>>> print(open('run07.cif').read())   # mmCIF, C-alpha atoms
data_run
loop_
_atom_site.group_PDB
_atom_site.id
_atom_site.type_symbol
_atom_site.label_atom_id
_atom_site.label_comp_id
_atom_site.auth_asym_id
_atom_site.auth_seq_id
_atom_site.Cartn_x
_atom_site.Cartn_y
_atom_site.Cartn_z
ATOM 1 C CA MET A 140 0.000 0.000 0.000
ATOM 2 C CA THR A 141 1.086 3.514 -0.642
ATOM 3 C CA LEU A 142 0.760 6.280 1.903
ATOM 4 C CA ARG A 143 -2.058 7.742 -0.184
ATOM 5 C CA THR A 144 -3.967 4.442 -0.078
ATOM 6 C CA VAL A 145 -3.506 4.144 3.686
ATOM 7 C CA LEU A 146 -4.744 7.696 4.271
ATOM 8 C CA LEU A 147 -7.756 7.162 2.000
ATOM 9 C CA SER A 148 -8.614 3.963 3.878
ATOM 10 C CA LEU A 149 -8.301 5.745 7.199
ATOM 11 C CA GLN A 150 -10.490 8.582 5.968
ATOM 12 C CA ALA A 151 -13.152 6.106 4.829
ATOM 13 C CA LEU A 152 -13.117 4.342 8.223
ATOM 14 C CA LEU A 153 -13.463 7.615 10.100
ATOM 15 C CA ALA A 154 -16.220 8.899 7.834
ATOM 16 C CA ALA A 155 -18.367 5.775 8.066
ATOM 17 C CA ALA A 156 -18.047 4.093 11.435
ATOM 18 C CA GLU A 157 -19.141 0.442 11.430
ATOM 19 C CA PRO A 158 -20.083 -0.480 15.005
ATOM 20 C CA ASP A 159 -21.207 -3.942 13.850
ATOM 21 C CA ASP A 160 -17.701 -4.645 12.497
ATOM 22 C CA PRO A 161 -15.496 -2.771 14.976
ATOM 23 C CA GLN A 162 -11.774 -2.355 15.379
ATOM 24 C CA ASP A 163 -12.406 -2.092 19.149
ATOM 25 C CA ALA A 164 -15.377 -4.016 20.556
ATOM 26 C CA VAL A 165 -15.574 -1.995 23.796
ATOM 27 C CA VAL A 166 -15.778 1.303 21.934
ATOM 28 C CA ALA A 167 -18.356 -0.097 19.507
ATOM 29 C CA LYS A 168 -20.502 -1.338 22.405
ATOM 30 C CA GLN A 169 -20.381 2.097 24.036
ATOM 31 C CA TYR A 170 -21.214 3.715 20.697
ATOM 32 C CA LYS A 171 -24.247 1.479 20.209
ATOM 33 C CA ASP A 172 -25.512 1.198 23.788
ATOM 34 C CA CYS A 173 -24.663 4.468 25.517
ATOM 35 C CA GLN A 174 -23.847 7.448 23.322
ATOM 36 C CA GLU A 175 -23.376 9.777 26.307
ATOM 37 C CA ILE A 176 -20.603 7.621 27.805
ATOM 38 C CA PHE A 177 -19.092 7.114 24.343
ATOM 39 C CA ILE A 178 -18.876 10.888 23.771
ATOM 40 C CA LYS A 179 -17.477 11.593 27.257
ATOM 41 C CA THR A 180 -14.887 8.839 26.812
ATOM 42 C CA ALA A 181 -13.901 10.167 23.387
ATOM 43 C CA ARG A 182 -13.507 13.685 24.784
ATOM 44 C CA HIS A 183 -11.427 12.381 27.683
ATOM 45 C CA TRP A 184 -9.071 10.329 25.504
ATOM 46 C CA THR A 185 -8.767 13.230 23.058
ATOM 47 C CA ASN A 186 -7.881 15.622 25.859
ATOM 48 C CA ILE A 187 -5.351 13.252 27.416
ATOM 49 C CA TYR A 188 -3.608 11.998 24.278
ATOM 50 C CA ALA A 189 -4.153 14.745 21.696
ATOM 51 C CA GLY A 190 -4.426 17.885 23.801
ATOM 52 C CA GLY A 191 -8.113 18.340 23.049
ATOM 53 C CA PRO A 192 -9.921 21.314 24.555
ATOM 54 C CA HIS A 193 -12.515 19.447 26.650
ATOM 55 C CA ARG A 194 -11.697 18.066 30.096
ATOM 56 C CA GLU A 195 -14.037 15.566 31.681
ATOM 57 C CA LEU A 196 -13.463 16.314 35.350
ATOM 58 C CA ASP A 197 -15.825 13.613 36.610
ATOM 59 C CA LEU A 198 -13.870 10.987 34.658
ATOM 60 C CA GLU A 199 -10.561 12.402 35.879
ATOM 61 C CA ASN A 200 -11.869 12.220 39.455
ATOM 62 C CA LYS A 201 -12.748 8.556 38.979
ATOM 63 C CA ILE A 202 -9.223 7.869 37.712
ATOM 64 C CA THR A 203 -7.834 9.628 40.786
ATOM 65 C CA GLN A 204 -10.051 7.490 43.055
ATOM 66 C CA VAL A 205 -8.815 4.262 41.466
ATOM 67 C CA MET A 206 -5.217 5.489 41.607
ATOM 68 C CA GLY A 207 -5.784 6.130 45.320
ATOM 69 C CA MET A 208 -6.319 2.385 45.670
ATOM 70 C CA GLY A 209 -2.759 1.856 44.447
ATOM 71 C CA PHE A 210 -3.290 1.296 40.724
ATOM 72 C CA ASP A 211 -1.257 2.823 37.901
ATOM 73 C CA GLU A 212 -2.890 5.777 36.103
ATOM 74 C CA GLY A 213 -2.840 4.123 32.682
ATOM 75 C CA LYS A 214 -4.324 0.875 33.964
ATOM 76 C CA ALA A 215 -6.969 2.784 35.926
ATOM 77 C CA ARG A 216 -7.947 4.774 32.816
ATOM 78 C CA VAL A 217 -8.211 1.675 30.621
ATOM 79 C CA ALA A 218 -10.182 -0.312 33.210
ATOM 80 C CA LEU A 219 -12.615 2.523 33.829
ATOM 81 C CA SER A 220 -13.181 3.348 30.182
ATOM 82 C CA SER A 221 -13.633 -0.357 29.400
ATOM 83 C CA HIS A 222 -16.309 -0.665 32.099
ATOM 84 C CA ASN A 223 -18.344 2.463 31.321
ATOM 85 C CA TRP A 224 -16.585 4.414 34.085
ATOM 86 C CA ASP A 225 -18.074 2.223 36.811
ATOM 87 C CA ILE A 226 -15.508 2.268 39.634
ATOM 88 C CA GLU A 227 -16.668 -0.997 41.201
ATOM 89 C CA ARG A 228 -16.559 -2.980 37.942
ATOM 90 C CA ALA A 229 -13.228 -1.418 36.940
ATOM 91 C CA THR A 230 -11.716 -2.251 40.342
ATOM 92 C CA GLU A 231 -12.961 -5.843 40.126
ATOM 93 C CA ASN A 232 -11.325 -6.099 36.712
ATOM 94 C CA LEU A 233 -8.038 -4.714 38.018
ATOM 95 C CA LEU A 234 -8.043 -7.150 40.942
ATOM 96 C CA SER A 235 -8.836 -10.224 38.848
#
>>> encode(input="run07.cif", output="structure tokens")
Amino acid sequence: MTLRTVLLSLQALLAAAEPDDPQDAVVAKQYKDCQEIFIKTARHWTNIYAGGPHRELDLENKITQVMGMGFDEGKARVALSSHNWDIERATENLLS
């Protein structure tokens, strides 16, 4: 593939999301089942990893709570976002 082909493919994927044939099943499930959590998660990840303008303070507070239990920030963020930001379910996942 050429760079042009790769960029065109990426553009097509971004323009027409296919939640029934996802690259990431957790994200697709959020997209289909709970748009509000999907949007908040997308804003959070964009802010953290791409310097986006929107901070989701409630999500950041949940990360801080899980970190207070002794977990790494990255692992806390992944566990929470994978479990719809439910602290109890994320903690259970981290402990299993």
>>> residues_around(input="run07.cif", residues="Ala215 (chain A)", least_positions_apart="2", cutoff="10 Å", atoms="all atoms listed in the file", output="list in words")
Lys201, Ile202, Thr203, Gln204, Val205, Met206, Met208, Gly209, Phe210, Asp211, Glu212, Gly213, Val217, Ala218, Leu219, Ser220, Ser221, Trp224, Ile226, Ala229, Thr230, Asn232 and Leu233 of chain A
>>> atom_distance(input="run07.cif", atom1="CA of Phe177 (chain A)", atom2="CA of Val165 (chain A)")
9.8 Å
>>> atom_distance(input="run07.cif", atom1="CA of Glu231 (chain A)", atom2="CA of Lys171 (chain A)")
24.0 Å
>>> residues_around(input="run07.cif", residues="region 142-158 of chain A", least_positions_apart="3", cutoff="12 Å", atoms="all atoms listed in the file", output="number ranges by chain")
A: 161-172
>>> atom_distance(input="run07.cif", atom1="CA of Glu199 (chain A)", atom2="CA of Asn186 (chain A)")
10.9 Å
>>> axis_aligned_box(input="run07.cif", around="region 180-187 of chain A", padding_each_side="4 Å", output="JSON")
{"center_x": -10.1, "center_y": 12.2, "center_z": 25.4, "size_x": 17.5, "size_y": 14.8, "size_z": 12.6}
>>> resolve_selection(input="run07.cif", expression="the PyMOL selection byres ((chain A and resi 183) around 8)", output="JSON, numbers by chain")
{"A": [179, 180, 181, 182, 184, 185, 186, 187, 193, 194, 195, 198]}
>>> decode(input="run07.cif", residues="chain A", atoms="C-alpha atoms", output="PDB file, in the first residue's frame")
ATOM      1  CA  MET A 140       0.000   0.000   0.000  1.00  0.00           C
ATOM      2  CA  THR A 141       1.086   3.514  -0.642  1.00  0.00           C
ATOM      3  CA  LEU A 142       0.760   6.280   1.903  1.00  0.00           C
ATOM      4  CA  ARG A 143      -2.058   7.742  -0.184  1.00  0.00           C
ATOM      5  CA  THR A 144      -3.967   4.442  -0.078  1.00  0.00           C
ATOM      6  CA  VAL A 145      -3.506   4.144   3.686  1.00  0.00           C
ATOM      7  CA  LEU A 146      -4.744   7.696   4.271  1.00  0.00           C
ATOM      8  CA  LEU A 147      -7.756   7.162   2.000  1.00  0.00           C
ATOM      9  CA  SER A 148      -8.614   3.963   3.878  1.00  0.00           C
ATOM     10  CA  LEU A 149      -8.301   5.745   7.199  1.00  0.00           C
ATOM     11  CA  GLN A 150     -10.490   8.582   5.968  1.00  0.00           C
ATOM     12  CA  ALA A 151     -13.152   6.106   4.829  1.00  0.00           C
ATOM     13  CA  LEU A 152     -13.117   4.342   8.223  1.00  0.00           C
ATOM     14  CA  LEU A 153     -13.463   7.615  10.100  1.00  0.00           C
ATOM     15  CA  ALA A 154     -16.220   8.899   7.834  1.00  0.00           C
ATOM     16  CA  ALA A 155     -18.367   5.775   8.066  1.00  0.00           C
ATOM     17  CA  ALA A 156     -18.047   4.093  11.435  1.00  0.00           C
ATOM     18  CA  GLU A 157     -19.141   0.442  11.430  1.00  0.00           C
ATOM     19  CA  PRO A 158     -20.083  -0.480  15.005  1.00  0.00           C
ATOM     20  CA  ASP A 159     -21.207  -3.942  13.850  1.00  0.00           C
ATOM     21  CA  ASP A 160     -17.701  -4.645  12.497  1.00  0.00           C
ATOM     22  CA  PRO A 161     -15.496  -2.771  14.976  1.00  0.00           C
ATOM     23  CA  GLN A 162     -11.774  -2.355  15.379  1.00  0.00           C
ATOM     24  CA  ASP A 163     -12.406  -2.092  19.149  1.00  0.00           C
ATOM     25  CA  ALA A 164     -15.377  -4.016  20.556  1.00  0.00           C
ATOM     26  CA  VAL A 165     -15.574  -1.995  23.796  1.00  0.00           C
ATOM     27  CA  VAL A 166     -15.778   1.303  21.934  1.00  0.00           C
ATOM     28  CA  ALA A 167     -18.356  -0.097  19.507  1.00  0.00           C
ATOM     29  CA  LYS A 168     -20.502  -1.338  22.405  1.00  0.00           C
ATOM     30  CA  GLN A 169     -20.381   2.097  24.036  1.00  0.00           C
ATOM     31  CA  TYR A 170     -21.214   3.715  20.697  1.00  0.00           C
ATOM     32  CA  LYS A 171     -24.247   1.479  20.209  1.00  0.00           C
ATOM     33  CA  ASP A 172     -25.512   1.198  23.788  1.00  0.00           C
ATOM     34  CA  CYS A 173     -24.663   4.468  25.517  1.00  0.00           C
ATOM     35  CA  GLN A 174     -23.847   7.448  23.322  1.00  0.00           C
ATOM     36  CA  GLU A 175     -23.376   9.777  26.307  1.00  0.00           C
ATOM     37  CA  ILE A 176     -20.603   7.621  27.805  1.00  0.00           C
ATOM     38  CA  PHE A 177     -19.092   7.114  24.343  1.00  0.00           C
ATOM     39  CA  ILE A 178     -18.876  10.888  23.771  1.00  0.00           C
ATOM     40  CA  LYS A 179     -17.477  11.593  27.257  1.00  0.00           C
ATOM     41  CA  THR A 180     -14.887   8.839  26.812  1.00  0.00           C
ATOM     42  CA  ALA A 181     -13.901  10.167  23.387  1.00  0.00           C
ATOM     43  CA  ARG A 182     -13.507  13.685  24.784  1.00  0.00           C
ATOM     44  CA  HIS A 183     -11.427  12.381  27.683  1.00  0.00           C
ATOM     45  CA  TRP A 184      -9.071  10.329  25.504  1.00  0.00           C
ATOM     46  CA  THR A 185      -8.767  13.230  23.058  1.00  0.00           C
ATOM     47  CA  ASN A 186      -7.881  15.622  25.859  1.00  0.00           C
ATOM     48  CA  ILE A 187      -5.351  13.252  27.416  1.00  0.00           C
ATOM     49  CA  TYR A 188      -3.608  11.998  24.278  1.00  0.00           C
ATOM     50  CA  ALA A 189      -4.153  14.745  21.696  1.00  0.00           C
ATOM     51  CA  GLY A 190      -4.426  17.885  23.801  1.00  0.00           C
ATOM     52  CA  GLY A 191      -8.113  18.340  23.049  1.00  0.00           C
ATOM     53  CA  PRO A 192      -9.921  21.314  24.555  1.00  0.00           C
ATOM     54  CA  HIS A 193     -12.515  19.447  26.650  1.00  0.00           C
ATOM     55  CA  ARG A 194     -11.697  18.066  30.096  1.00  0.00           C
ATOM     56  CA  GLU A 195     -14.037  15.566  31.681  1.00  0.00           C
ATOM     57  CA  LEU A 196     -13.463  16.314  35.350  1.00  0.00           C
ATOM     58  CA  ASP A 197     -15.825  13.613  36.610  1.00  0.00           C
ATOM     59  CA  LEU A 198     -13.870  10.987  34.658  1.00  0.00           C
ATOM     60  CA  GLU A 199     -10.561  12.402  35.879  1.00  0.00           C
ATOM     61  CA  ASN A 200     -11.869  12.220  39.455  1.00  0.00           C
ATOM     62  CA  LYS A 201     -12.748   8.556  38.979  1.00  0.00           C
ATOM     63  CA  ILE A 202      -9.223   7.869  37.712  1.00  0.00           C
ATOM     64  CA  THR A 203      -7.834   9.628  40.786  1.00  0.00           C
ATOM     65  CA  GLN A 204     -10.051   7.490  43.055  1.00  0.00           C
ATOM     66  CA  VAL A 205      -8.815   4.262  41.466  1.00  0.00           C
ATOM     67  CA  MET A 206      -5.217   5.489  41.607  1.00  0.00           C
ATOM     68  CA  GLY A 207      -5.784   6.130  45.320  1.00  0.00           C
ATOM     69  CA  MET A 208      -6.319   2.385  45.670  1.00  0.00           C
ATOM     70  CA  GLY A 209      -2.759   1.856  44.447  1.00  0.00           C
ATOM     71  CA  PHE A 210      -3.290   1.296  40.724  1.00  0.00           C
ATOM     72  CA  ASP A 211      -1.257   2.823  37.901  1.00  0.00           C
ATOM     73  CA  GLU A 212      -2.890   5.777  36.103  1.00  0.00           C
ATOM     74  CA  GLY A 213      -2.840   4.123  32.682  1.00  0.00           C
ATOM     75  CA  LYS A 214      -4.324   0.875  33.964  1.00  0.00           C
ATOM     76  CA  ALA A 215      -6.969   2.784  35.926  1.00  0.00           C
ATOM     77  CA  ARG A 216      -7.947   4.774  32.816  1.00  0.00           C
ATOM     78  CA  VAL A 217      -8.211   1.675  30.621  1.00  0.00           C
ATOM     79  CA  ALA A 218     -10.182  -0.312  33.210  1.00  0.00           C
ATOM     80  CA  LEU A 219     -12.615   2.523  33.829  1.00  0.00           C
ATOM     81  CA  SER A 220     -13.181   3.348  30.182  1.00  0.00           C
ATOM     82  CA  SER A 221     -13.633  -0.357  29.400  1.00  0.00           C
ATOM     83  CA  HIS A 222     -16.309  -0.665  32.099  1.00  0.00           C
ATOM     84  CA  ASN A 223     -18.344   2.463  31.321  1.00  0.00           C
ATOM     85  CA  TRP A 224     -16.585   4.414  34.085  1.00  0.00           C
ATOM     86  CA  ASP A 225     -18.074   2.223  36.811  1.00  0.00           C
ATOM     87  CA  ILE A 226     -15.508   2.268  39.634  1.00  0.00           C
ATOM     88  CA  GLU A 227     -16.668  -0.997  41.201  1.00  0.00           C
ATOM     89  CA  ARG A 228     -16.559  -2.980  37.942  1.00  0.00           C
ATOM     90  CA  ALA A 229     -13.228  -1.418  36.940  1.00  0.00           C
ATOM     91  CA  THR A 230     -11.716  -2.251  40.342  1.00  0.00           C
ATOM     92  CA  GLU A 231     -12.961  -5.843  40.126  1.00  0.00           C
ATOM     93  CA  ASN A 232     -11.325  -6.099  36.712  1.00  0.00           C
ATOM     94  CA  LEU A 233      -8.038  -4.714  38.018  1.00  0.00           C
ATOM     95  CA  LEU A 234      -8.043  -7.150  40.942  1.00  0.00           C
ATOM     96  CA  SER A 235      -8.836 -10.224  38.848  1.00  0.00           C
TER      97      SER A 235
END
